[in-house]
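Dumped query_15.txt below, it's compact mmCIF, C-alpha atoms and all ligand atoms:
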```txt
# COMPACT_ATOMS: atom_id res chain seq x y z
CA MET E 797 60.28 86.86 -1.06
CA LEU E 798 60.20 84.73 -4.20
CA ASN E 799 57.10 84.85 -6.41
CA VAL E 800 56.82 82.18 -9.09
CA ILE E 801 54.27 82.49 -11.87
CA LEU E 802 53.65 79.38 -13.95
CA LEU E 803 52.93 81.02 -17.30
CA GLU E 804 50.49 80.08 -20.05
CA CYS E 805 49.61 76.87 -18.18
CA ALA E 806 48.28 74.04 -20.35
CA LEU E 807 45.39 73.62 -17.90
CA GLU E 808 41.77 73.92 -19.02
CA LEU E 809 38.48 72.05 -19.25
CA VAL E 810 37.51 70.27 -22.48
CA PRO E 811 36.33 73.04 -24.85
CA SER E 812 32.73 72.76 -26.09
CA GLU E 813 33.84 72.24 -29.72
CA LEU E 814 35.29 68.84 -28.69
CA SER E 815 32.44 67.75 -26.43
CA SER E 816 30.56 65.69 -29.02
CA ILE E 817 33.61 63.65 -30.11
CA LYS E 818 33.27 59.93 -29.31
CA GLU E 819 36.55 59.47 -27.35
CA ILE E 820 35.67 62.47 -25.13
CA GLN E 821 32.09 61.25 -24.58
CA GLN E 822 33.39 57.78 -23.64
CA HIS E 823 35.83 59.30 -21.15
CA ALA E 824 33.08 61.49 -19.70
CA SER E 825 30.79 58.51 -19.26
CA ARG E 826 33.55 56.52 -17.48
CA ARG E 827 34.11 59.50 -15.15
CA LYS E 828 30.32 60.09 -14.76
CA LYS E 829 30.84 63.74 -15.69
CA SER E 830 29.73 66.02 -18.46
CA PRO E 831 32.41 66.30 -21.23
CA THR E 832 33.01 70.00 -20.57
CA ASP E 833 33.65 69.33 -16.84
CA LEU E 834 36.67 67.14 -17.68
CA LEU E 835 40.23 68.39 -17.67
CA LEU E 836 41.62 68.47 -21.21
CA ASP E 837 44.47 65.96 -21.41
CA GLN E 838 46.61 65.20 -24.47
CA SER E 839 47.28 61.67 -23.26
CA LEU E 840 43.54 60.89 -23.20
CA HIS E 841 42.13 63.26 -25.84
CA GLY E 842 45.08 63.50 -28.24
CA ARG E 843 43.17 62.48 -31.35
CA ALA E 844 40.31 64.91 -30.66
CA MET E 845 42.79 67.68 -29.88
CA THR E 846 44.16 67.64 -33.43
CA LYS E 847 40.99 69.64 -34.21
CA LEU E 848 42.24 72.50 -32.01
CA GLY E 849 44.38 75.07 -33.81
CA ASP E 850 46.99 75.32 -31.05
CA GLY E 851 46.48 71.80 -29.64
CA GLU E 852 50.22 71.16 -29.17
CA ARG E 853 50.39 73.87 -26.46
CA ARG E 854 47.27 72.70 -24.58
CA GLY E 855 46.01 69.85 -22.42
CA ARG E 856 49.06 69.04 -20.24
CA PRO E 857 47.84 69.34 -16.64
CA ASP E 858 50.67 66.97 -15.60
CA ILE E 859 53.14 69.83 -16.22
CA VAL E 860 51.34 72.02 -13.66
CA TYR E 861 51.13 69.05 -11.25
CA LEU E 862 54.88 68.33 -11.42
CA CYS E 863 55.79 72.03 -11.12
CA LEU E 864 53.57 72.46 -8.06
CA MET E 865 55.01 69.29 -6.50
CA ASN E 866 58.49 70.78 -6.89
CA LEU E 867 57.53 74.23 -5.59
CA LEU E 868 55.12 73.66 -2.72
CA GLU E 869 55.98 72.19 0.69
CA THR E 870 59.66 72.99 0.17
CA PRO E 871 61.56 74.51 3.11
CA LEU E 872 61.29 77.90 1.36
CA CYS E 873 57.53 77.58 1.00
CA LYS E 874 57.10 76.41 4.61
CA GLN E 875 59.01 79.50 5.78
CA GLY E 876 56.48 81.70 3.97
CA LEU E 877 59.09 82.93 1.49
CA LEU E 878 57.48 81.53 -1.65
CA LYS E 879 54.26 82.50 -3.37
CA VAL E 880 52.97 80.69 -6.46
CA PHE E 881 50.46 81.78 -9.11
CA LEU E 882 49.12 80.04 -12.20
CA HIS E 883 48.52 82.06 -15.34
CA LEU E 884 46.10 80.20 -17.62
CA GLN E 885 46.12 80.42 -21.42
CA ASP E 886 42.82 82.34 -21.35
CA GLY E 887 44.52 85.00 -19.19
CA ARG E 888 42.96 84.10 -15.83
CA ILE E 889 45.16 84.00 -12.74
CA VAL E 890 44.98 81.39 -9.97
CA ASP E 891 46.23 82.24 -6.49
CA VAL E 892 47.81 79.18 -4.82
CA ASP E 893 47.75 79.35 -1.04
CA SER E 894 51.25 78.53 0.24
CA SER E 895 49.83 76.18 2.87
CA VAL E 896 48.06 73.95 0.34
CA ARG E 897 48.94 70.23 0.47
CA LEU E 898 48.12 68.91 -2.96
CA PRO E 899 47.15 65.25 -3.32
CA ARG E 900 50.13 63.05 -4.18
CA ASN E 901 47.83 60.96 -6.32
CA TYR E 902 47.55 62.39 -9.85
CA ASP E 903 43.91 61.32 -10.36
CA ARG E 904 42.93 63.22 -7.21
CA PHE E 905 44.88 66.26 -8.47
CA VAL E 906 42.86 66.11 -11.72
CA GLY E 907 39.63 66.12 -9.67
CA LEU E 908 40.80 69.22 -7.76
CA MET E 909 41.73 71.09 -10.93
CA GLU E 910 38.31 70.26 -12.41
CA GLN E 911 36.71 71.70 -9.27
CA LEU E 912 38.89 74.82 -9.54
CA LEU E 913 37.99 75.42 -13.18
CA THR E 914 34.29 74.67 -12.67
CA HIS E 915 33.68 76.55 -9.40
CA GLY E 916 36.52 79.08 -9.52
CA ARG E 917 37.93 77.87 -6.21
CA VAL E 918 38.98 74.86 -4.13
CA PRO E 919 37.27 73.99 -1.89
CA PRO E 920 33.98 75.47 -3.15
CA GLU E 921 33.15 76.74 0.39
CA GLY E 922 35.33 78.00 3.25
CA ASP E 923 38.96 79.16 3.08
CA ALA E 924 40.25 78.91 -0.49
CA LEU E 925 43.44 76.92 -1.12
CA LEU E 926 43.29 77.60 -4.84
CA ALA E 927 41.19 80.43 -6.23
CA MET E 928 40.71 82.47 -9.38
CA LYS E 929 41.98 85.95 -8.75
CA GLY E 930 40.70 88.98 -10.62
CA GLY E 931 43.07 91.02 -12.77
CA SER E 932 45.48 90.38 -15.59
CA LEU E 933 49.04 89.06 -15.86
CA PRO E 934 50.53 92.56 -16.44
CA GLN E 935 48.74 93.77 -13.31
CA LEU E 936 49.98 90.78 -11.27
CA VAL E 937 53.62 91.20 -12.36
CA SER E 938 53.47 94.92 -11.65
CA ASP E 939 51.86 94.43 -8.20
CA LEU E 940 54.28 91.67 -7.14
CA SER E 941 57.38 93.54 -8.23
CA LYS E 942 56.08 96.64 -6.46
CA LYS E 943 56.59 98.43 -9.79
CA ASN E 944 60.33 97.53 -9.63
CA HIS E 945 60.57 96.08 -13.14
CA GLU E 946 64.26 95.19 -12.60
CA CYS E 947 63.42 92.18 -10.40
CA THR E 948 61.19 90.44 -12.94
CA VAL E 949 62.87 87.40 -14.48
CA LEU E 950 61.67 85.10 -17.24
CA ALA E 951 63.19 81.60 -17.62
CA ILE E 952 63.47 81.14 -21.37
CA GLU E 953 65.58 79.25 -23.90
CA GLY E 954 67.88 81.72 -25.65
CA GLY E 955 67.97 84.16 -22.73
CA GLN E 956 71.14 85.40 -21.03
CA ILE E 957 73.07 82.40 -19.65
CA VAL E 958 73.06 82.44 -15.84
CA GLY E 959 74.67 79.91 -13.47
CA MET E 960 73.07 78.75 -10.22
CA ARG E 961 75.12 81.08 -7.98
CA ASP E 962 74.36 84.16 -10.07
CA LEU E 963 70.72 83.15 -10.25
CA GLY E 964 70.52 82.97 -6.44
CA GLN E 965 72.10 86.41 -6.10
CA LEU E 966 69.88 87.88 -8.77
CA LEU E 967 66.75 86.65 -6.99
CA VAL E 968 67.71 87.25 -3.36
CA THR E 969 68.94 90.84 -3.82
CA PRO E 970 65.52 92.54 -4.29
CA ASP E 971 62.82 92.39 -1.57
CA GLN E 972 60.46 90.86 -4.09
CA ALA E 973 61.64 88.73 -7.00
CA VAL E 974 59.20 87.57 -9.67
CA VAL E 975 60.10 84.57 -11.82
CA GLY E 976 58.04 83.40 -14.78
CA ILE E 977 58.31 79.81 -16.00
CA GLY E 978 56.34 78.39 -18.94
CA ALA E 979 53.99 75.51 -18.04
CA PHE E 980 53.15 74.44 -21.60
CA PRO E 981 54.70 71.58 -23.59
CA HIS E 982 55.79 73.17 -26.89
CA GLY E 983 56.47 76.51 -28.51
CA ASP E 984 57.40 79.91 -27.19
CA PHE E 985 55.84 82.54 -24.95
CA THR E 986 53.64 85.16 -26.56
CA GLU E 987 55.45 88.46 -27.19
CA GLU E 988 53.07 90.10 -24.71
CA THR E 989 54.24 87.72 -21.93
CA LYS E 990 57.93 88.16 -22.82
CA ASP E 991 57.68 91.95 -22.62
CA LEU E 992 56.47 91.83 -19.00
CA PHE E 993 59.85 90.60 -17.70
CA SER E 994 62.99 92.73 -17.64
CA ARG E 995 65.53 89.87 -17.48
CA HIS E 996 65.40 86.84 -19.76
CA ILE E 997 67.60 84.05 -18.45
CA GLU E 998 68.69 80.66 -19.75
CA LEU E 999 69.73 77.98 -17.24
CA ASP E 1000 71.05 75.39 -19.68
CA SER E 1001 71.93 75.24 -23.36
CA GLN E 1002 69.37 72.40 -23.69
CA VAL E 1003 65.62 72.83 -23.36
CA MET E 1004 64.59 71.89 -19.81
CA MET E 1005 61.39 70.50 -18.37
CA ALA E 1006 59.41 73.21 -16.60
CA TRP E 1007 59.53 71.30 -13.30
CA HIS E 1008 63.34 71.09 -13.44
CA VAL E 1009 63.44 74.86 -13.94
CA CYS E 1010 61.17 75.23 -10.88
CA SER E 1011 63.56 73.11 -8.81
CA GLU E 1012 66.64 75.05 -9.92
CA VAL E 1013 65.02 78.37 -9.13
CA ILE E 1014 63.88 77.19 -5.69
CA TRP E 1015 67.26 75.74 -4.77
CA ALA E 1016 69.30 78.66 -6.12
CA TYR E 1017 67.20 81.01 -4.00
CA THR E 1018 67.25 78.74 -0.92
CA TRP E 1019 71.02 78.23 -1.15
CA GLU E 1020 71.73 81.93 -1.52
CA ARG E 1021 69.64 82.75 1.56
CA ARG E 1022 71.46 80.08 3.62
CA ILE E 1023 74.91 81.47 2.84
CA ASP E 1024 73.81 85.09 3.38
C1 LIG B 1101 59.29 72.58 -21.99
S1 LIG B 1101 59.62 74.27 -21.96
C2 LIG B 1101 58.42 74.98 -23.04
C3 LIG B 1101 58.44 74.46 -24.42
C4 LIG B 1101 59.71 74.56 -25.20
N1 LIG B 1101 59.91 75.92 -25.63
C5 LIG B 1101 59.65 73.63 -26.38
O1 LIG B 1101 59.26 74.08 -27.49
O2 LIG B 1101 59.90 72.42 -26.20
C6 LIG B 1101 59.00 74.80 -20.41
C7 LIG B 1101 59.54 76.06 -19.84
O3 LIG B 1101 60.74 75.81 -19.13
C8 LIG B 1101 61.57 76.95 -19.19
N2 LIG B 1101 62.83 76.52 -19.83
C9 LIG B 1101 63.00 75.46 -20.64
N3 LIG B 1101 64.30 75.34 -20.99
C10 LIG B 1101 64.95 76.34 -20.37
C11 LIG B 1101 66.32 76.75 -20.32
N4 LIG B 1101 67.26 76.10 -20.98
N5 LIG B 1101 66.63 77.84 -19.58
C12 LIG B 1101 65.67 78.51 -18.89
N6 LIG B 1101 64.37 78.15 -18.91
C13 LIG B 1101 64.02 77.10 -19.63
C14 LIG B 1101 60.85 78.02 -19.96
O4 LIG B 1101 60.19 78.86 -19.03
C15 LIG B 1101 59.89 77.19 -20.78
O5 LIG B 1101 58.76 77.91 -21.15
```
Please express what this file holds, its structure, as structure tokens.
Ligand SMILES: C[S@@+](CC[C@H](N)C(=O)[O-])C[C@H]1O[C@@H](n2cnc3c(N)ncnc32)[C@H](O)[C@@H]1O
Amino acid sequence: MLNVILLECALELVPSELSSIKEIQQHASRRKKSPTDLLLDQSLHGRAMTKLGDGERRGRPDIVYLCLMNLLETPLCKQGLLKVFLHLQDGRIVDVDSSVRLPRNYDRFVGLMEQLLTHGRVPPEGDALLAMKGGSLPQLVSDLSKKNHECTVLAIEGGQIVGMRDLGQLLVTPDQAVVGIGAFPHGDFTEETKDLFSRHIELDSQVMMAWHVCSEVIWAYTWERRID
């Protein structure tokens, strides 16, 4: 089983300190929503976000969208061999049901994420396809790896260089593999996040887009299982 955690996701609602800024108010009025019910988005709120201390790491829901598009509904996911979680920058964890079919349309995805962050789940009633899960990231990594710290892998620039074949073997060998991939646009993981993973691996000498890393991980694992 492959568990992928999208780490420190740049996914949040507009923080209250930006809610009175004109560009945010105008966007909220176009969307007929309150400012703090909107998803924070650098491409729409870039100027306002310069007021946030760590603005360059925040407000990129498109990264989460593209990662999820690459992970979900893959043959591996349809076989029930993939589980995905989102770790938000405020520490909350979102459980993504493996049967979820996310909207292909990005505007509809934004609406769903706003519902998730406002109500804590999607849909608000009935079986949850996306839901806030109690507990912390250290607890999640420990539970998923069944306390076997050896099978926890962090994709990170500057880690140990690993080719696709070795990556597949590394992930398929344990019963449960846990892979962490950053879903933020700039900067590094916090030290706390780095310390949770026993192996730090680099897939290319160049910095990669998070969604390309997701694809490589999925296909390395899928390929290794096929040739087993
Ligand atoms: C766009 S990067 C994060 C920001 C990047 N550190 C920067 O400052 O531009 C997104 C994520 O993809 C993964 N990643 C990027 N390049 C990688 C590489 N060469 N090898 C392994 N993982 C990589 C890491 O998990 C990283 O957090």
Which centre and edge lengths in Å to one decimal define the box along x, y and z that fits every listed atom of ligand LIG 1101 (chain B) plus 6 Å per side, as lines of an AutoDock Vina configuration file?
```
center_x = 62.8
center_y = 75.6
center_z = -23.2
size_x = 20.8
size_y = 18.4
size_z = 20.6
```
Polymer residues at most 12 Å from Gly842 of chain E, only C-alpha atoms, same-chain spacing of 6 or more positions, as a PyMOL selection string: chain E and resi 810+814+817+819-820+836+848+851-856
Contacts of Lys942 of chain E within 10 Å, all atoms listed in the file, excl. fewer than 6 positions in-chain, as a VMD selection string: chain E and resid 936 971 to 973
Write the residues of the preceding selection, restricted to C-alpha atoms, as a PDB file, in the coordinates of the input.
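Written output follows (again-v1.pdb):
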```
ATOM      1  CA  LEU E 936      49.980  90.780 -11.270  1.00  0.00           C
ATOM      2  CA  ASP E 971      62.820  92.390  -1.570  1.00  0.00           C
ATOM      3  CA  GLN E 972      60.460  90.860  -4.090  1.00  0.00           C
ATOM      4  CA  ALA E 973      61.640  88.730  -7.000  1.00  0.00           C
TER       5      ALA E 973
END
```
Interatomic distance, atom CA of Cys1010 of chain E to atom CA of Val880 of chain E (Å, one decimal): 10.8 Å
Contacts with ligand LIG 1101 (chain B) at most 9 Å, all atoms listed in the file counted, listed as number ranges by chain: E: 802-804, 853, 859, 950-958, 976-985, 996-1010
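Of the listed residues (E:Arg826, E:Arg961, E:Arg1021, E:Arg900), E:Arg900 comes nearest to Tyr861 of chain E; the distances count all atoms listed in the file.
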One-decimal distance in Å that lies between atom CA of Ala924 of chain E and atom CA of Leu884 of chain E: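 Rounded to one decimal, the two atoms are 18.1 Å apart.
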Selected residue of minimal separation from Asp939 of chain E among E:Thr846, E:Asn799, E:Asp903, E:Thr989, counting all atoms listed in the file: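 That would be E:Asn799, the residue with the smallest distance to Asp939 of chain E.
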Non-local contacts of Leu967 of chain E (8 Å; only C-alpha atoms; under 6 positions in same chain excluded) as a VMD selection string: chain E and resid 798 947 973 1017
Take the selection from the previous step and output its residues with C-alpha atoms, as a PDB file, keeping the file's coordinate frame.
```
ATOM      1  CA  LEU E 798      60.200  84.730  -4.200  1.00  0.00           C
ATOM      2  CA  CYS E 947      63.420  92.180 -10.400  1.00  0.00           C
ATOM      3  CA  ALA E 973      61.640  88.730  -7.000  1.00  0.00           C
ATOM      4  CA  TYR E1017      67.200  81.010  -4.000  1.00  0.00           C
TER       5      TYR E1017
END
```
Computed interatomic separation between atom CA of Gln885 of chain E and atom CA of Leu872 of chain E (Å): 27.5 Å
Neighbour list for Thr832 of chain E as a PDB file with C-alpha atoms, in the frame of the given file, cut-off 9 Å, all atoms listed in the file, skip fewer than 5 positions in-chain:
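The resulting out-v2.pdb:
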```pdb
ATOM      1  CA  LEU E 809      38.480  72.050 -19.250  1.00  0.00           C
ATOM      2  CA  VAL E 810      37.510  70.270 -22.480  1.00  0.00           C
ATOM      3  CA  PRO E 811      36.330  73.040 -24.850  1.00  0.00           C
ATOM      4  CA  SER E 812      32.730  72.760 -26.090  1.00  0.00           C
ATOM      5  CA  LEU E 814      35.290  68.840 -28.690  1.00  0.00           C
ATOM      6  CA  SER E 815      32.440  67.750 -26.430  1.00  0.00           C
ATOM      7  CA  ALA E 824      33.080  61.490 -19.700  1.00  0.00           C
TER       8      ALA E 824
END
```
Pick from E:Leu933, E:Thr969, E:Ile1014, E:Gln838 nearest to Asp886 of chain E, counting all atoms listed in the file: E:Leu933
Nearest residue to Asn901 of chain E from the set E:Ser932, E:Thr870, E:Leu862, E:Ser825 (distances using only C-alpha atoms):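 Among the listed residues, the smallest separation from Asn901 of chain E belongs to E:Leu862.
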Selected residue, from E:Ser941, E:Gln965, E:Ser839, E:Gln911, that lies nearest to Thr1018 of chain E when counting only C-alpha atoms: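 Of the candidates, the smallest distance to Thr1018 of chain E is held by E:Gln965.
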